[in-house]
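Student: Got a structure for you, upload-v7.cif, holding mmCIF, C-alpha atoms.
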data_coords
#
loop_
_atom_site.label_atom_id
_atom_site.label_comp_id
_atom_site.auth_asym_id
_atom_site.auth_seq_id
_atom_site.Cartn_x
_atom_site.Cartn_y
_atom_site.Cartn_z
CA MET A 66 92.29 78.66 100.85
CA GLU A 67 91.31 82.32 100.61
CA LYS A 68 94.55 83.22 98.83
CA LEU A 69 93.90 80.45 96.30
CA LYS A 70 90.40 81.84 95.66
CA ARG A 71 91.82 85.31 95.17
CA TYR A 72 94.37 84.14 92.59
CA LEU A 73 91.77 82.06 90.75
CA ILE A 74 89.42 85.06 90.56
CA PHE A 75 92.32 87.24 89.40
CA LEU A 76 93.28 84.73 86.69
CA VAL A 77 89.69 84.52 85.43
CA GLY A 78 89.47 88.31 85.58
CA LEU A 79 92.66 88.55 83.54
CA PHE A 80 91.13 86.32 80.86
CA VAL A 81 87.89 88.34 80.89
CA ASN A 82 90.03 91.48 80.52
CA SER A 83 91.70 90.03 77.45
CA LEU A 84 88.29 89.17 75.98
CA GLY A 85 87.23 92.80 76.43
CA VAL A 86 90.43 94.23 74.94
CA SER A 87 90.23 91.90 71.93
CA LEU A 88 86.57 92.60 71.22
CA ILE A 89 87.11 96.36 71.49
CA THR A 90 90.05 96.01 69.11
CA LYS A 91 88.07 93.85 66.65
CA ALA A 92 85.34 96.52 66.56
CA ASN A 93 87.91 98.47 64.50
CA LEU A 94 87.18 101.81 66.15
CA GLY A 95 90.45 102.01 68.03
CA THR A 96 91.30 100.14 71.21
CA SER A 97 91.51 100.85 74.94
CA PRO A 98 94.06 103.55 75.94
CA ILE A 99 96.43 101.16 77.72
CA SER A 100 96.50 98.87 74.65
CA SER A 101 96.74 101.69 72.09
CA ILE A 102 100.55 101.78 71.87
CA PRO A 103 100.94 97.96 71.56
CA TYR A 104 98.12 97.91 69.00
CA VAL A 105 99.64 100.61 66.80
CA LEU A 106 103.01 98.86 66.96
CA SER A 107 101.39 95.52 66.06
CA LEU A 108 99.91 97.13 62.94
CA ASN A 109 103.35 98.19 61.73
CA PHE A 110 105.71 95.43 62.90
CA PRO A 111 105.70 91.61 62.63
CA PHE A 112 104.68 90.98 66.25
CA THR A 113 101.22 90.29 67.65
CA LEU A 114 99.19 92.57 69.91
CA GLY A 115 99.87 90.15 72.75
CA ASN A 116 103.64 90.24 72.12
CA PHE A 117 103.75 94.03 72.16
CA THR A 118 101.53 94.06 75.27
CA ILE A 119 104.18 91.96 77.05
CA PHE A 120 107.04 94.19 75.81
CA PHE A 121 105.21 97.37 76.80
CA SER A 122 104.25 95.96 80.22
CA ILE A 123 107.86 95.07 81.01
CA PHE A 124 108.86 98.59 79.93
CA LEU A 125 106.33 100.04 82.42
CA ILE A 126 107.68 97.76 85.16
CA ALA A 127 111.21 99.03 84.44
CA LEU A 128 109.92 102.62 84.73
CA GLN A 129 108.38 101.72 88.10
CA LEU A 130 111.78 100.48 89.26
CA ILE A 131 113.33 103.82 88.27
CA ILE A 132 110.56 105.85 89.93
CA LEU A 133 110.21 103.85 93.15
CA ARG A 134 113.88 102.88 93.63
CA LYS A 135 114.19 101.49 97.17
CA ASN A 136 110.39 101.39 97.47
CA PHE A 137 110.21 98.87 94.63
CA LYS A 138 108.99 95.72 96.37
CA LEU A 139 108.95 92.02 95.56
CA GLU A 140 105.23 92.19 94.76
CA HIS A 141 106.05 94.39 91.76
CA ILE A 142 108.04 91.50 90.24
CA LEU A 143 104.81 89.48 90.09
CA GLN A 144 103.69 91.86 87.35
CA ILE A 145 106.11 90.16 84.95
CA PRO A 146 104.45 86.69 84.87
CA VAL A 147 101.03 88.37 84.98
CA SER A 148 101.96 90.48 81.94
CA ILE A 149 103.17 87.42 80.03
CA ILE A 150 99.95 85.53 80.79
CA PHE A 151 97.86 88.56 79.84
CA GLY A 152 99.73 88.94 76.55
CA TYR A 153 99.10 85.32 75.57
CA PHE A 154 95.48 85.61 76.68
CA ILE A 155 95.08 88.57 74.29
CA ASP A 156 96.53 86.60 71.38
CA LEU A 157 94.26 83.67 72.22
CA THR A 158 91.13 85.79 72.42
CA MET A 159 92.04 87.62 69.21
CA ILE A 160 91.99 84.19 67.55
CA LEU A 161 88.68 83.33 69.24
CA PHE A 162 87.21 86.57 67.85
CA SER A 163 88.69 86.09 64.38
CA TRP A 164 85.13 85.86 63.03
CA VAL A 165 84.32 89.37 64.31
CA ASN A 166 84.82 91.76 61.40
CA PRO A 167 81.91 94.22 61.45
CA GLU A 168 81.41 96.32 58.33
CA ALA A 169 78.44 98.48 59.33
CA TYR A 170 79.30 101.34 61.68
CA ILE A 171 76.38 100.54 64.01
CA MET A 172 77.68 96.98 64.45
CA LYS A 173 81.14 98.33 65.22
CA ILE A 174 79.59 100.44 67.99
CA VAL A 175 77.67 97.40 69.30
CA TYR A 176 80.82 95.27 69.50
CA LEU A 177 82.71 98.17 71.07
CA LEU A 178 80.09 98.60 73.81
CA ILE A 179 79.97 94.85 74.49
CA GLY A 180 83.77 94.86 74.72
CA CYS A 181 83.68 97.76 77.19
CA LEU A 182 81.15 95.87 79.32
CA ILE A 183 83.30 92.73 79.33
CA LEU A 184 86.43 94.73 80.12
CA GLY A 185 84.61 96.47 82.98
CA VAL A 186 83.67 93.07 84.43
CA GLY A 187 87.30 91.95 84.15
CA VAL A 188 88.55 95.08 85.93
CA TYR A 189 85.99 94.52 88.71
CA MET A 190 87.17 90.91 89.16
CA GLU A 191 90.79 92.05 89.45
CA VAL A 192 89.85 94.64 92.07
CA LEU A 193 87.80 92.02 93.93
CA ALA A 194 90.74 89.59 93.94
CA ASP A 195 93.10 92.31 95.25
CA VAL A 196 96.35 90.41 94.67
CA VAL A 197 98.36 91.99 91.83
CA MET A 198 97.93 95.18 89.84
CA LEU A 199 98.52 95.22 86.11
CA PRO A 200 101.56 97.29 85.04
CA GLY A 201 99.45 100.21 83.77
CA GLU A 202 97.65 100.77 87.08
CA SER A 203 100.80 99.94 89.06
CA PHE A 204 102.75 102.56 87.09
CA VAL A 205 100.12 105.17 87.94
CA ARG A 206 100.29 104.11 91.60
CA ALA A 207 104.10 104.50 91.54
CA ILE A 208 103.71 108.10 90.34
CA VAL A 209 101.09 108.79 93.01
CA LEU A 210 103.26 107.37 95.80
CA THR A 211 106.39 109.20 94.65
CA TRP A 212 105.00 112.63 93.82
CA LYS A 213 101.83 112.58 96.00
CA THR A 214 99.45 113.24 93.13
CA ASN A 215 95.75 112.36 92.93
CA PHE A 216 95.22 108.81 91.59
CA GLY A 217 92.15 109.65 89.48
CA THR A 218 93.75 112.68 87.84
CA THR A 219 97.01 110.83 87.27
CA LYS A 220 95.16 107.89 85.69
CA ILE A 221 93.35 110.22 83.29
CA CYS A 222 96.65 111.91 82.33
CA PHE A 223 98.24 108.50 81.82
CA ASP A 224 95.43 107.28 79.54
CA VAL A 225 95.49 110.49 77.51
CA SER A 226 99.28 110.27 77.19
CA MET A 227 99.09 106.66 75.96
CA SER A 228 96.53 107.62 73.30
CA VAL A 229 98.52 110.68 72.15
CA ILE A 230 101.77 108.71 71.93
CA ALA A 231 99.98 105.95 70.01
CA ALA A 232 98.58 108.54 67.57
CA VAL A 233 102.03 110.05 67.04
CA LEU A 234 103.55 106.59 66.46
CA SER A 235 100.80 105.84 63.95
CA PHE A 236 101.65 108.95 61.91
CA VAL A 237 105.38 108.19 62.17
CA PHE A 238 105.17 104.56 61.02
CA ALA A 239 102.09 104.55 58.77
CA GLY A 240 101.71 108.18 57.76
CA ARG A 241 98.08 108.20 58.95
CA LEU A 242 96.02 107.87 62.12
CA ASP A 243 95.39 104.17 62.60
CA GLY A 244 94.52 102.34 65.82
CA VAL A 245 93.37 105.38 67.79
CA ARG A 246 89.82 106.48 67.10
CA GLU A 247 86.55 107.33 68.82
CA GLY A 248 86.47 103.84 70.31
CA THR A 249 89.56 104.72 72.36
CA VAL A 250 87.76 107.67 73.94
CA ILE A 251 84.56 105.68 74.53
CA ALA A 252 86.52 102.86 76.19
CA ALA A 253 88.40 105.35 78.38
CA LEU A 254 85.12 106.88 79.58
CA LEU A 255 83.01 103.72 79.94
CA VAL A 256 85.22 100.96 81.35
CA GLY A 257 85.98 102.60 84.70
CA PHE A 258 82.35 103.67 85.10
CA ILE A 259 81.13 100.11 84.40
CA ALA A 260 83.65 98.60 86.84
CA ARG A 261 82.57 101.01 89.62
CA LEU A 262 78.87 100.38 88.91
CA ILE A 263 79.33 96.62 89.06
CA GLY A 264 81.34 97.04 92.27
CA LYS A 265 78.43 98.87 93.90
CA LYS A 266 75.76 96.46 92.66
CA LEU A 267 77.74 93.34 93.63
CA ALA A 268 79.26 94.61 96.87
CA PHE A 269 77.67 91.66 98.72
CA LEU A 270 79.87 89.20 96.79
CA LYS A 271 82.93 90.16 98.81
CA ASP A 272 81.17 89.12 102.03
CA MET A 273 80.19 85.79 100.46
CA ILE A 274 83.53 84.93 98.86
CA PHE A 275 85.94 86.30 101.49
CA PRO A 276 84.06 86.15 104.82
CA GLU A 277 87.27 85.90 106.88
CA SER A 278 88.81 89.04 105.38
CA VAL A 279 85.58 90.99 105.72
CA SER A 280 85.30 89.95 109.37
CA ALA A 281 88.89 91.05 110.01
CA GLU A 282 88.27 94.39 108.25
CA ASN A 283 85.17 95.02 110.36
CA GLU A 284 87.10 94.20 113.52
CA ASN A 285 89.91 96.59 112.58
CA GLU A 286 87.38 99.29 111.75
CA ALA A 287 85.73 98.85 115.14
CA LYS A 288 89.12 99.13 116.83
CA GLU A 289 89.89 102.33 114.91
CA GLN A 290 86.55 103.84 115.92
CA THR A 291 87.15 103.10 119.59
CA ALA A 292 90.87 103.93 119.52
CA GLY A 293 90.12 107.47 120.63
CA THR A 294 89.03 106.24 124.08
CA TYR A 295 92.26 104.32 124.72
CA GLY A 296 94.88 105.91 126.97
CA LYS A 297 92.38 108.08 128.87
CA ASN A 298 91.61 107.89 132.59
CA VAL A 299 88.17 106.47 133.35
CA ILE A 300 86.72 106.98 136.84
CA ALA A 301 83.89 104.66 137.83
CA ILE A 302 81.65 105.77 140.72
CA GLY A 303 80.00 102.81 142.37
CA ARG A 304 77.20 104.74 144.07
CA GLN A 305 75.37 107.81 142.91
CA PHE A 306 72.73 108.24 145.57
CA GLY A 307 73.07 108.37 149.33
CA SER A 308 76.83 108.95 149.24
CA GLY A 309 77.19 112.08 147.14
CA GLY A 310 78.53 110.13 144.15
CA HIS A 311 76.39 112.06 141.65
CA ASP A 312 77.70 115.42 142.87
CA ILE A 313 81.30 114.18 142.91
CA GLY A 314 80.96 112.87 139.36
CA LYS A 315 79.53 116.17 138.17
CA ILE A 316 82.40 118.17 139.73
CA LEU A 317 85.02 115.82 138.23
CA ALA A 318 83.38 116.04 134.81
CA GLU A 319 83.45 119.81 134.88
CA LYS A 320 87.14 119.82 135.87
#
Take the structure in the file and give it back as structure tokens.
Tutor:
Amino acid sequence: MEKLKRYLIFLVGLFVNSLGVSLITKANLGTSPISSIPYVLSLNFPFTLGNFTIFFSIFLIALQLIILRKNFKLEHILQIPVSIIFGYFIDLTMILFSWVNPEAYIMKIVYLLIGCLILGVGVYMEVLADVVMLPGESFVRAIVLTWKTNFGTTKICFDVSMSVIAAVLSFVFAGRLDGVREGTVIAALLVGFIARLIGKKLAFLKDMIFPESVSAENENEAKEQTAGTYGKNVIAIGRQFGSGGHDIGKILAEK
């Protein structure tokens, strides 16, 4: 039952994620770093943003296979159907937001910020579900596990690299910078912050939704805290007074 709840939350989170990505994209100030390469390609080739998201995700999964080699596990294969679903969700939400075409710069900023908020909620839901990582985050994790780098620093480098590559591709195919703008930087800075903030404010939800897992985690934590006392000799003195037990205990303690 708990596993079913986790996958349902993940699926809803995936859809919320696609809503955020699409709204950020429709704001026409660039898109999120992870979607920047698929977006630039979609502007120059006859495939949708969702299609290129699927192609790019499978490419990242292939890179994980090369990096991890024997450490590539079955759970990584689950990224393929997740990527396909996510790609179609993006195309669907792009259609749902077809009416969003802001002209005024202030309205573009408003839609961008709303999109970042929605995307942050989606990221939080995926973290809460804790079942499958999207290829972008999983690729970063593969680098961290293989070369023992810091996850936060590696994630920043990854996002910057995606944006730079997208900018280069834009100049190559269109001769101008298109698809990577200030919105890309704003999304990179805000989304993670929003997801962490929501995680702190709604920390109680995990206890409510997954009580069994939380109970098991607390039990394991208690065992870890008391593990230091295991394997040591414990001497119990039945009497302290009238038989010299207090003095004996003191001498033993000092030894």
Student: Which of these, A:Leu73, A:Leu182, A:Ile132, A:Val256, has the shortest distance to Leu210 of chain A once you count all atoms listed in the file?
Tutor: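 So, comparing all the options, the nearest one is A:Ile132.
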Student: Extract, using only C-alpha atoms, all DNA, RNA and protein residues at most 10 Å from Gly185 of chain A, discarding same-chain residues fewer than 6 positions from it, and format them as a list in words.
Tutor: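 My list of contacting residues is Gly78, Val81, Asn82, Gly85, Ile179, Glu191, Ala252, Leu255, Val256, Gly257, Phe258, Ile259, Ala260, Arg261, Leu262, Ile263 and Gly264 of chain A.
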Student: Export, as a PDB file, in the coordinates of the input, the selected residues with C-alpha atoms.
Tutor:
ATOM      1  CA  GLY A  78      89.470  88.310  85.580  1.00  0.00           C
ATOM      2  CA  VAL A  81      87.890  88.340  80.890  1.00  0.00           C
ATOM      3  CA  ASN A  82      90.030  91.480  80.520  1.00  0.00           C
ATOM      4  CA  GLY A  85      87.230  92.800  76.430  1.00  0.00           C
ATOM      5  CA  ILE A 179      79.970  94.850  74.490  1.00  0.00           C
ATOM      6  CA  GLU A 191      90.790  92.050  89.450  1.00  0.00           C
ATOM      7  CA  ALA A 252      86.520 102.860  76.190  1.00  0.00           C
ATOM      8  CA  LEU A 255      83.010 103.720  79.940  1.00  0.00           C
ATOM      9  CA  VAL A 256      85.220 100.960  81.350  1.00  0.00           C
ATOM     10  CA  GLY A 257      85.980 102.600  84.700  1.00  0.00           C
ATOM     11  CA  PHE A 258      82.350 103.670  85.100  1.00  0.00           C
ATOM     12  CA  ILE A 259      81.130 100.110  84.400  1.00  0.00           C
ATOM     13  CA  ALA A 260      83.650  98.600  86.840  1.00  0.00           C
ATOM     14  CA  ARG A 261      82.570 101.010  89.620  1.00  0.00           C
ATOM     15  CA  LEU A 262      78.870 100.380  88.910  1.00  0.00           C
ATOM     16  CA  ILE A 263      79.330  96.620  89.060  1.00  0.00           C
ATOM     17  CA  GLY A 264      81.340  97.040  92.270  1.00  0.00           C
TER      18      GLY A 264
END
Student: If we count all atoms listed in the file, what is near Val86 of chain A at a cut-off of 9 Å, once residues fewer than 4 positions away on the same chain are taken out, given as a list in words?
Tutor: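 Within the cut-off, the hits are Val81, Asn82, Thr90, Lys91, Thr96, Ser97, Ser100, Ile155, Thr158, Met159, Gly180, Cys181, Ile183 and Leu184 of chain A.
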Student: Go through A:Ile142, A:Met273, A:Ala169, A:Ala239 and flag the residue nearest Leu106 of chain A, using only C-alpha atoms for the distances.
Tutor: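 So, comparing all the options, the nearest one is A:Ala239.
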Student: Could you write out as a compact mmCIF listing (two decimals) with C-alpha atoms, in the frame of the given file the residues that the PyMOL selection byres ((chain A and resi 247) around 10) matches in the shown file?
Tutor:
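After the write, part20.txt holds the following:
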# COMPACT_ATOMS: atom_id res chain seq x y z
CA ASN A 93 87.91 98.47 64.50
CA LEU A 94 87.18 101.81 66.15
CA GLY A 95 90.45 102.01 68.03
CA THR A 96 91.30 100.14 71.21
CA ILE A 174 79.59 100.44 67.99
CA GLY A 244 94.52 102.34 65.82
CA VAL A 245 93.37 105.38 67.79
CA ARG A 246 89.82 106.48 67.10
CA GLY A 248 86.47 103.84 70.31
CA THR A 249 89.56 104.72 72.36
CA VAL A 250 87.76 107.67 73.94
CA ILE A 251 84.56 105.68 74.53
CA ALA A 252 86.52 102.86 76.19
CA ALA A 253 88.40 105.35 78.38
Student: What separation in Å, quoted to one decimal, exists between atom CA of Val175 of chain A and atom CA of Ser83 of chain A?
Tutor: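 Those two atoms sit 17.8 Å apart.
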Student: Any idea what the distance is between atom CA of Lys135 of chain A and atom CA of Thr214 of chain A?
Tutor: 19.3 Å
